[in-house]
$ cat entry-v6.cif   # mmCIF, C-alpha atoms
data_query
#
loop_
_atom_site.label_atom_id
_atom_site.label_comp_id
_atom_site.auth_asym_id
_atom_site.auth_seq_id
_atom_site.Cartn_x
_atom_site.Cartn_y
_atom_site.Cartn_z
CA MET L 1 4.95 25.38 -2.80
CA ALA L 2 7.77 26.32 -0.45
CA LYS L 3 9.85 29.32 -1.52
CA LEU L 4 13.61 29.94 -1.36
CA THR L 5 15.43 33.21 -2.03
CA ARG L 6 19.19 33.74 -2.26
CA CYS L 7 20.75 37.18 -1.92
CA ILE L 8 24.23 38.67 -2.00
CA SER L 9 25.39 41.96 -0.52
CA THR L 10 26.33 44.56 -3.12
CA ASP L 11 29.80 44.83 -1.58
CA GLY L 12 30.32 41.07 -2.13
CA THR L 13 30.99 40.26 1.52
CA LEU L 14 28.14 37.89 2.38
CA ILE L 15 25.40 35.64 1.05
CA ALA L 16 21.99 35.27 2.68
CA MET L 17 19.25 32.74 2.05
CA ALA L 18 15.74 32.59 3.46
CA ALA L 19 12.97 30.08 2.90
CA ASP L 20 9.32 29.57 3.73
CA THR L 21 9.18 25.78 4.11
CA THR L 22 5.69 25.54 5.61
CA ASP L 23 4.40 23.27 2.82
CA ILE L 24 7.45 20.98 3.08
CA VAL L 25 7.17 20.55 6.85
CA ALA L 26 3.39 20.11 6.70
CA LYS L 27 3.74 17.34 4.10
CA SER L 28 6.45 15.68 6.17
CA ALA L 29 4.22 15.78 9.26
CA ARG L 30 1.32 14.21 7.33
CA ILE L 31 3.48 11.42 5.91
CA HIS L 32 5.22 10.53 9.17
CA ARG L 33 2.43 11.48 11.62
CA THR L 34 4.91 13.30 13.80
CA THR L 35 4.16 14.86 17.17
CA HIS L 36 4.75 18.59 17.53
CA VAL L 37 8.27 18.18 18.91
CA ALA L 38 9.18 15.62 16.23
CA SER L 39 7.69 17.90 13.54
CA ALA L 40 9.78 20.79 14.84
CA ALA L 41 13.00 18.77 14.93
CA LEU L 42 12.56 17.24 11.50
CA GLY L 43 11.16 20.46 10.04
CA ARG L 44 14.22 22.44 11.12
CA LEU L 45 16.55 19.82 9.66
CA LEU L 46 14.58 19.73 6.39
CA THR L 47 14.87 23.51 6.12
CA ALA L 48 18.61 23.31 6.72
CA GLY L 49 18.70 20.66 4.00
CA VAL L 50 17.02 23.08 1.58
CA PHE L 51 19.80 25.62 2.19
CA MET L 52 22.61 23.08 1.91
CA GLY L 53 21.13 21.49 -1.20
CA ALA L 54 20.68 24.83 -2.95
CA SER L 55 24.36 25.59 -2.27
CA LEU L 56 25.55 22.59 -4.28
CA LYS L 57 27.05 23.25 -7.71
CA GLY L 58 26.42 20.10 -9.76
CA LYS L 59 23.01 19.27 -11.20
CA ASP L 60 23.10 15.71 -9.83
CA ASP L 61 24.77 16.55 -6.50
CA SER L 62 22.99 15.75 -3.23
CA VAL L 63 23.55 16.23 0.48
CA THR L 64 22.46 14.11 3.45
CA LEU L 65 22.17 15.51 6.98
CA ARG L 66 22.00 13.07 9.87
CA MET L 67 21.55 14.03 13.52
CA ASN L 68 21.55 11.65 16.48
CA GLY L 69 22.12 12.93 19.98
CA GLY L 70 21.05 9.89 21.95
CA GLY L 71 17.60 11.33 22.75
CA GLU L 72 14.18 9.67 22.47
CA LEU L 73 13.75 11.03 18.93
CA GLY L 74 16.50 8.74 17.63
CA SER L 75 18.05 9.73 14.32
CA ALA L 76 16.77 12.58 12.14
CA ILE L 77 17.64 12.40 8.44
CA ALA L 78 17.24 14.95 5.65
CA VAL L 79 18.34 14.47 2.03
CA ALA L 80 18.32 17.35 -0.47
CA ASP L 81 19.12 17.72 -4.16
CA SER L 82 20.93 20.65 -5.77
CA SER L 83 17.63 22.43 -6.44
CA GLY L 84 16.78 22.44 -2.73
CA ASN L 85 14.08 19.76 -2.91
CA VAL L 86 14.24 17.69 0.24
CA ARG L 87 12.93 14.59 1.99
CA GLY L 88 13.50 13.13 5.45
CA TYR L 89 12.33 11.14 8.46
CA VAL L 90 12.93 10.56 12.16
CA THR L 91 13.36 7.19 13.85
CA ASN L 92 10.68 7.85 16.48
CA PRO L 93 8.02 10.22 15.09
CA GLY L 94 5.77 9.62 18.10
CA VAL L 95 8.11 10.96 20.77
CA ASP L 96 6.46 13.54 23.02
CA LEU L 97 8.01 15.69 25.73
CA PRO L 98 6.65 18.44 28.01
CA LEU L 99 7.18 22.02 26.89
CA LYS L 100 10.21 23.84 28.23
CA ALA L 101 9.83 26.41 31.01
CA ASN L 102 9.59 29.18 28.40
CA GLY L 103 6.67 27.41 26.73
CA LYS L 104 8.64 26.30 23.67
CA LEU L 105 8.98 22.79 22.24
CA ASP L 106 11.89 20.86 23.73
CA VAL L 107 13.61 19.92 20.48
CA GLY L 108 17.03 19.73 22.15
CA GLY L 109 15.67 17.40 24.82
CA ALA L 110 14.09 15.13 22.21
CA MET L 111 17.23 15.09 20.08
CA GLY L 112 19.81 14.96 22.86
CA THR L 113 23.36 16.29 22.68
CA ASN L 114 25.40 13.11 23.10
CA GLY L 115 26.11 12.59 19.43
CA PHE L 116 26.94 14.18 16.11
CA LEU L 117 25.70 16.05 13.07
CA THR L 118 26.99 14.24 10.00
CA VAL L 119 26.89 15.86 6.57
CA ILE L 120 27.48 13.69 3.50
CA LYS L 121 27.84 15.46 0.15
CA ASP L 122 27.60 13.28 -2.94
CA LEU L 123 29.36 15.37 -5.59
CA ASN L 124 29.57 12.52 -8.11
CA LEU L 125 33.22 11.94 -7.33
CA LYS L 126 34.86 8.65 -6.38
CA GLU L 127 34.12 9.19 -2.70
CA PRO L 128 31.55 11.45 -1.02
CA TYR L 129 32.64 14.33 1.20
CA ILE L 130 31.83 13.53 4.85
CA GLY L 131 31.95 16.10 7.64
CA GLN L 132 31.02 15.41 11.25
CA THR L 133 30.80 17.68 14.29
CA PRO L 134 29.60 17.09 17.87
CA LEU L 135 26.11 18.37 18.63
CA VAL L 136 26.04 21.68 20.49
CA SER L 137 22.42 21.90 21.63
CA GLY L 138 20.34 19.45 19.61
CA GLU L 139 18.17 22.43 18.60
CA VAL L 140 19.44 22.10 14.99
CA ALA L 141 20.21 25.73 14.06
CA GLU L 142 23.10 26.01 16.54
CA ASP L 143 24.38 22.64 15.37
CA ILE L 144 24.30 23.74 11.71
CA THR L 145 26.20 26.91 12.66
CA ALA L 146 28.82 24.87 14.53
CA TYR L 147 29.18 22.47 11.60
CA TYR L 148 29.96 25.27 9.16
CA ALA L 149 32.43 26.88 11.55
CA GLN L 150 34.30 23.68 12.41
CA SER L 151 34.02 21.53 9.28
CA GLU L 152 33.93 24.10 6.48
CA GLN L 153 35.51 27.11 8.25
CA THR L 154 32.66 29.34 7.08
CA PRO L 155 31.37 31.95 9.57
CA THR L 156 27.61 31.38 9.58
CA VAL L 157 24.44 32.59 11.26
CA CYS L 158 21.50 30.20 11.06
CA ALA L 159 17.91 30.51 12.31
CA LEU L 160 15.30 27.77 11.87
CA GLY L 161 11.77 27.52 13.20
CA VAL L 162 8.55 25.52 13.10
CA LEU L 163 5.29 26.79 14.62
CA CYS L 164 2.76 24.08 15.47
CA HIS L 165 -0.76 24.30 16.89
CA ASN L 166 -3.59 21.78 17.23
CA ASN L 167 -1.72 19.12 15.22
CA MET L 168 -1.11 21.56 12.37
CA ILE L 169 2.02 23.17 10.98
CA ILE L 170 1.24 26.89 11.03
CA LYS L 171 4.55 28.25 9.72
CA ALA L 172 8.04 26.88 9.10
CA GLY L 173 11.18 28.31 7.60
CA GLY L 174 14.56 29.80 8.27
CA PHE L 175 17.41 31.98 7.13
CA ILE L 176 21.15 31.52 6.86
CA ILE L 177 23.88 34.16 6.50
CA GLN L 178 27.40 33.22 5.42
CA LEU L 179 30.42 35.49 5.20
CA LEU L 180 32.50 35.35 2.03
CA PRO L 181 36.33 35.48 2.03
CA THR L 182 36.08 39.19 1.15
CA ALA L 183 34.40 39.99 4.48
CA LEU L 184 36.20 42.36 6.83
CA ASP L 185 36.07 42.61 10.62
CA SER L 186 33.66 45.50 10.14
CA THR L 187 31.35 43.17 8.18
CA ILE L 188 31.27 40.74 11.09
CA ASP L 189 30.53 43.57 13.52
CA GLU L 190 27.68 44.82 11.33
CA VAL L 191 26.12 41.34 11.01
CA GLU L 192 26.31 40.87 14.78
CA LYS L 193 24.61 44.22 15.25
CA CYS L 194 21.83 43.26 12.83
CA ILE L 195 21.01 39.92 14.43
CA GLN L 196 20.83 41.30 17.97
CA THR L 197 17.26 42.48 17.41
CA VAL L 198 16.09 39.87 14.92
CA GLU L 199 12.59 38.45 15.48
CA PRO L 200 11.88 34.69 15.49
CA ILE L 201 11.63 33.36 11.94
CA THR L 202 8.09 32.04 12.52
CA LYS L 203 7.01 35.52 13.72
CA MET L 204 8.28 37.09 10.50
CA LEU L 205 6.55 34.44 8.40
CA THR L 206 3.31 34.83 10.37
CA ASP L 207 3.49 38.58 9.75
CA GLY L 208 3.46 37.78 6.03
CA LEU L 209 7.08 38.54 5.13
CA THR L 210 8.44 36.85 2.02
CA PRO L 211 11.88 35.18 2.04
CA GLU L 212 13.33 38.23 0.23
CA GLU L 213 11.81 40.58 2.79
CA ILE L 214 13.18 38.43 5.61
CA CYS L 215 16.72 38.66 4.21
CA LYS L 216 16.43 42.43 3.91
CA LYS L 217 14.87 42.85 7.35
CA VAL L 218 17.47 40.71 9.10
CA LEU L 219 20.38 42.42 7.31
CA TYR L 220 18.84 45.88 7.44
CA SER L 221 22.15 47.74 7.24
CA PHE L 222 23.33 45.92 4.09
CA ASP L 223 22.34 46.52 0.48
CA LEU L 224 21.22 43.15 -0.92
CA GLU L 225 20.67 41.96 -4.46
CA VAL L 226 18.52 38.91 -5.19
CA LEU L 227 20.56 36.19 -6.88
CA ASP L 228 17.62 33.89 -7.55
CA GLU L 229 14.26 32.73 -6.29
CA SER L 230 12.86 29.22 -6.60
CA GLU L 231 10.10 26.92 -5.49
CA VAL L 232 11.16 23.85 -3.52
CA GLU L 233 9.20 20.88 -2.28
CA TYR L 234 9.19 17.70 -0.23
CA ARG L 235 10.16 15.24 -2.94
CA CYS L 236 10.87 11.52 -2.64
CA ASN L 237 12.62 9.85 -5.56
CA CYS L 238 11.90 6.25 -4.60
CA SER L 239 10.87 3.85 -7.38
CA ALA L 240 10.53 0.13 -7.98
CA GLU L 241 13.82 0.22 -9.91
CA ARG L 242 15.68 1.89 -7.04
CA VAL L 243 14.26 -0.65 -4.58
CA LYS L 244 15.36 -3.49 -6.89
CA LYS L 245 18.91 -2.14 -6.86
CA ALA L 246 18.79 -1.95 -3.07
CA LEU L 247 17.55 -5.54 -2.85
CA ILE L 248 20.43 -6.71 -5.05
CA THR L 249 22.90 -5.29 -2.54
CA THR L 250 21.50 -7.61 0.16
CA GLY L 251 23.21 -10.58 -1.55
CA GLU L 252 22.14 -13.88 -3.12
CA GLU L 253 21.52 -15.69 0.15
CA GLU L 254 19.15 -13.02 1.43
CA LEU L 255 17.31 -12.90 -1.91
CA ARG L 256 16.81 -16.67 -1.84
CA GLU L 257 15.24 -16.35 1.62
CA MET L 258 12.92 -13.61 0.37
CA ALA L 259 11.88 -15.76 -2.61
CA LYS L 260 10.46 -18.33 -0.18
CA ASP L 261 7.74 -15.86 0.77
CA GLU L 262 4.76 -15.32 -1.50
CA LYS L 263 5.17 -11.55 -1.26
CA THR L 264 7.93 -9.22 -0.09
CA GLU L 265 7.08 -5.63 0.82
CA VAL L 266 9.60 -2.81 1.13
CA VAL L 267 8.43 0.45 2.73
CA CYS L 268 10.20 3.70 1.81
CA HIS L 269 11.45 5.55 4.91
CA PHE L 270 10.89 8.92 3.26
CA CYS L 271 7.34 8.68 1.85
CA ASN L 272 5.96 5.43 3.36
CA LYS L 273 5.15 4.08 -0.10
CA VAL L 274 4.99 0.29 -0.16
CA HIS L 275 6.84 -1.50 -2.98
CA SER L 276 5.61 -5.09 -3.38
CA PHE L 277 7.46 -7.96 -5.04
CA THR L 278 6.17 -11.48 -5.67
CA SER L 279 8.33 -14.56 -5.22
CA GLU L 280 8.77 -14.61 -9.01
CA ASP L 281 9.91 -10.98 -8.95
CA ILE L 282 12.55 -11.78 -6.34
CA LEU L 283 13.82 -14.72 -8.40
CA LYS L 284 14.15 -12.45 -11.44
CA ILE L 285 16.10 -9.96 -9.31
CA LEU L 286 18.32 -12.82 -8.16
CA GLU L 287 19.06 -13.76 -11.78
CA GLU L 288 19.90 -10.12 -12.56
CA ALA L 289 22.24 -10.02 -9.57
CA LYS L 290 24.06 -13.10 -10.82
CA SER L 291 24.42 -11.85 -14.42
#
$ encode --input "entry-v6.cif" --output "structure tokens"
Amino acid sequence: MAKLTRCISTDGTLIAMAADTTDIVAKSARIHRTTHVASAALGRLLTAGVFMGASLKGKDDSVTLRMNGGGELGSAIAVADSSGNVRGYVTNPGVDLPLKANGKLDVGGAMGTNGFLTVIKDLNLKEPYIGQTPLVSGEVAEDITAYYAQSEQTPTVCALGVLCHNNMIIKAGGFIIQLLPTALDSTIDEVEKCIQTVEPITKMLTDGLTPEEICKKVLYSFDLEVLDESEVEYRCNCSAERVKKALITTGEEELREMAKDEKTEVVCHFCNKVHSFTSEDILKILEEAKS
């Protein structure tokens, strides 16, 4: 299981979260058969989704992250619940690009920068909260940082990483640091000092550091207390009932067309599970829609 740890500084000036999401990203790669660059892009967004989901207050709250920068990858989607469980997909999981000059995966090139990061928070109110910011680099972490600064006015440091080799996910995870309203200019200076020498997140995970140890290593000059630790996972909540409700929204005319076929199959974008409905099933759904 993937692990998430949340910490707060003892002076109450910042919150830090770190997660080892290797299992989540590996499961995502198996489901969607992603190339290395697609695995890295989606894996980073899924990890960001874990952090954003775990920050929600309500038990039934959820958050959706959508990135589309006009690149070959298409759209990348991650949806998380308030426990930090997450699911997602990319439009083109088979996209492949040469490595960058520094030998790293070209996530920004695959994603593109001519587009937006859209964050939709369903807080069980009349309307969801929607925030949208232009993409900065398409590398995900910088775009998450920019979103928080511009849309939520929260000074944030975000690092996300996925290490792939021989069609395997070796390590994946990230950390996020957010200043609280009590933070002083000296707090900002100290955080900046700390992150100047920070190692890549995948290096820390490969060295065997736990999420708690990562928080404490990154913020070495702060005293941190652990708020909570939890296990999170790649979790799809699709079901025949949910698919039925989605089919109802297509309208009577569309349902009548479907009923002409002997079998209608609906494939879940998140887990690739196939939900099958006979012509009789569709007619029953049509009657439900009319009642």
$ residues_around --input "entry-v6.cif" --residues "stretch 221-234 of chain L" --least-positions-apart "6" --cutoff "10 Å" --atoms "all atoms listed in the file" --output "compact mmCIF listing (two decimals) with C-alpha atoms, keeping the file's coordinate frame"
# COMPACT_ATOMS: atom_id res chain seq x y z
CA MET L 1 4.95 25.38 -2.80
CA ALA L 2 7.77 26.32 -0.45
CA LYS L 3 9.85 29.32 -1.52
CA LEU L 4 13.61 29.94 -1.36
CA THR L 5 15.43 33.21 -2.03
CA ARG L 6 19.19 33.74 -2.26
CA CYS L 7 20.75 37.18 -1.92
CA ILE L 8 24.23 38.67 -2.00
CA SER L 9 25.39 41.96 -0.52
CA THR L 10 26.33 44.56 -3.12
CA ASP L 11 29.80 44.83 -1.58
CA GLY L 12 30.32 41.07 -2.13
CA THR L 13 30.99 40.26 1.52
CA LEU L 14 28.14 37.89 2.38
CA ILE L 15 25.40 35.64 1.05
CA ALA L 16 21.99 35.27 2.68
CA MET L 17 19.25 32.74 2.05
CA ALA L 18 15.74 32.59 3.46
CA ALA L 19 12.97 30.08 2.90
CA ASP L 20 9.32 29.57 3.73
CA THR L 21 9.18 25.78 4.11
CA THR L 22 5.69 25.54 5.61
CA ASP L 23 4.40 23.27 2.82
CA ILE L 24 7.45 20.98 3.08
CA VAL L 25 7.17 20.55 6.85
CA ALA L 26 3.39 20.11 6.70
CA LYS L 27 3.74 17.34 4.10
CA SER L 28 6.45 15.68 6.17
CA LEU L 46 14.58 19.73 6.39
CA VAL L 50 17.02 23.08 1.58
CA ALA L 54 20.68 24.83 -2.95
CA VAL L 79 18.34 14.47 2.03
CA ALA L 80 18.32 17.35 -0.47
CA SER L 83 17.63 22.43 -6.44
CA GLY L 84 16.78 22.44 -2.73
CA ASN L 85 14.08 19.76 -2.91
CA VAL L 86 14.24 17.69 0.24
CA ARG L 87 12.93 14.59 1.99
CA GLY L 88 13.50 13.13 5.45
CA THR L 187 31.35 43.17 8.18
CA GLU L 190 27.68 44.82 11.33
CA VAL L 191 26.12 41.34 11.01
CA LYS L 193 24.61 44.22 15.25
CA CYS L 194 21.83 43.26 12.83
CA PRO L 211 11.88 35.18 2.04
CA GLU L 212 13.33 38.23 0.23
CA CYS L 215 16.72 38.66 4.21
CA PHE L 270 10.89 8.92 3.26
CA CYS L 271 7.34 8.68 1.85
$ resolve_selection --input "entry-v6.cif" --expression "the PyMOL selection byres ((chain L and resi 265) around 8)" --output "list of chain:residue names"
L:Lys263, L:Thr264, L:Val266, L:Val267, L:Val274, L:His275, L:Ser276, L:Phe277
$ resolve_selection --input "entry-v6.cif" --expression "the PyMOL selection byres ((chain L and resi 285-288) around 7)" --output "ChimeraX atom specification"
/L:244,248,252,255,281-284,289-291
$ residues_around --input "entry-v6.cif" --residues "L:Lys121" --least-positions-apart "2" --cutoff "9 Å" --atoms "all atoms listed in the file" --output "VMD selection string"
chain L and resid 56 61 to 65 119 123 to 124 128 to 131
$ atom_distance --input "entry-v6.cif" --atom1 "atom CA of L:Glu280" --atom2 "atom CA of L:Asn237"
25.0 Å
$ atom_distance --input "entry-v6.cif" --atom1 "atom CA of L:Thr113" --atom2 "atom CA of L:Gly71"
7.6 Å
$ atom_distance --input "entry-v6.cif" --atom1 "atom CA of L:Gly174" --atom2 "atom CA of L:Lys273"
28.6 Å
$ residues_around --input "entry-v6.cif" --residues "L:Gly161" --least-positions-apart "4" --cutoff "8 Å" --atoms "only C-alpha atoms" --output "mmCIF file with C-alpha atoms, in the frame of the given file"
data_model
loop_
_atom_site.group_PDB
_atom_site.id
_atom_site.type_symbol
_atom_site.label_atom_id
_atom_site.label_comp_id
_atom_site.auth_asym_id
_atom_site.auth_seq_id
_atom_site.Cartn_x
_atom_site.Cartn_y
_atom_site.Cartn_z
ATOM 1 C CA ALA L 40 9.780 20.790 14.840
ATOM 2 C CA GLY L 43 11.160 20.460 10.040
ATOM 3 C CA ARG L 44 14.220 22.440 11.120
ATOM 4 C CA ALA L 172 8.040 26.880 9.100
ATOM 5 C CA GLY L 173 11.180 28.310 7.600
ATOM 6 C CA GLY L 174 14.560 29.800 8.270
ATOM 7 C CA PRO L 200 11.880 34.690 15.490
ATOM 8 C CA ILE L 201 11.630 33.360 11.940
ATOM 9 C CA THR L 202 8.090 32.040 12.520
#
$ closest_residue --input "entry-v6.cif" --among "L:Asn68, L:Thr156, L:Thr210, L:Thr182" --to "L:Asn114" --atoms "all atoms listed in the file"
L:Asn68
$ closest_residue --input "entry-v6.cif" --among "L:Thr35, L:Thr47, L:Asn272, L:Thr278" --to "L:Ala141" --atoms "only C-alpha atoms"
L:Thr47
$ build_atoms --input "entry-v6.cif" --residues "stretch 75-90 of chain L" --atoms "N, CA and C atoms" --output "short mmCIF file (atom, residue, chain, number, x, y, z; two decimals), in the coordinates of the input"
data_model
loop_
_atom_site.label_atom_id
_atom_site.label_comp_id
_atom_site.auth_asym_id
_atom_site.auth_seq_id
_atom_site.Cartn_x
_atom_site.Cartn_y
_atom_site.Cartn_z
N SER L 75 17.37 9.01 15.40
CA SER L 75 18.05 9.73 14.32
C SER L 75 17.06 10.58 13.53
N ALA L 76 17.53 11.74 13.07
CA ALA L 76 16.77 12.58 12.14
C ALA L 76 17.59 12.68 10.87
N ILE L 77 16.96 12.44 9.73
CA ILE L 77 17.64 12.40 8.44
C ILE L 77 16.96 13.37 7.47
N ALA L 78 17.76 14.13 6.74
CA ALA L 78 17.24 14.95 5.65
C ALA L 78 18.16 14.80 4.45
N VAL L 79 17.58 14.63 3.27
CA VAL L 79 18.34 14.47 2.03
C VAL L 79 17.82 15.50 1.04
N ALA L 80 18.74 16.30 0.46
CA ALA L 80 18.32 17.35 -0.47
C ALA L 80 19.09 17.25 -1.78
N ASP L 81 18.44 17.65 -2.87
CA ASP L 81 19.12 17.72 -4.16
C ASP L 81 19.64 19.14 -4.39
N SER L 82 20.29 19.37 -5.52
CA SER L 82 20.93 20.65 -5.77
C SER L 82 19.94 21.76 -6.12
N SER L 83 18.66 21.42 -6.24
CA SER L 83 17.63 22.43 -6.44
C SER L 83 16.98 22.85 -5.12
N GLY L 84 17.35 22.13 -4.04
CA GLY L 84 16.78 22.44 -2.73
C GLY L 84 15.58 21.60 -2.37
N ASN L 85 15.16 20.69 -3.26
CA ASN L 85 14.08 19.76 -2.91
C ASN L 85 14.60 18.79 -1.87
N VAL L 86 13.74 18.40 -0.93
CA VAL L 86 14.24 17.69 0.24
C VAL L 86 13.24 16.63 0.69
N ARG L 87 13.75 15.63 1.38
CA ARG L 87 12.93 14.59 1.99
C ARG L 87 13.61 14.18 3.29
N GLY L 88 12.86 13.52 4.20
CA GLY L 88 13.50 13.13 5.45
C GLY L 88 12.57 12.31 6.34
N TYR L 89 13.12 11.90 7.47
CA TYR L 89 12.33 11.14 8.46
C TYR L 89 13.06 11.14 9.79
N VAL L 90 12.33 10.76 10.84
CA VAL L 90 12.93 10.56 12.16
C VAL L 90 12.64 9.13 12.60
#
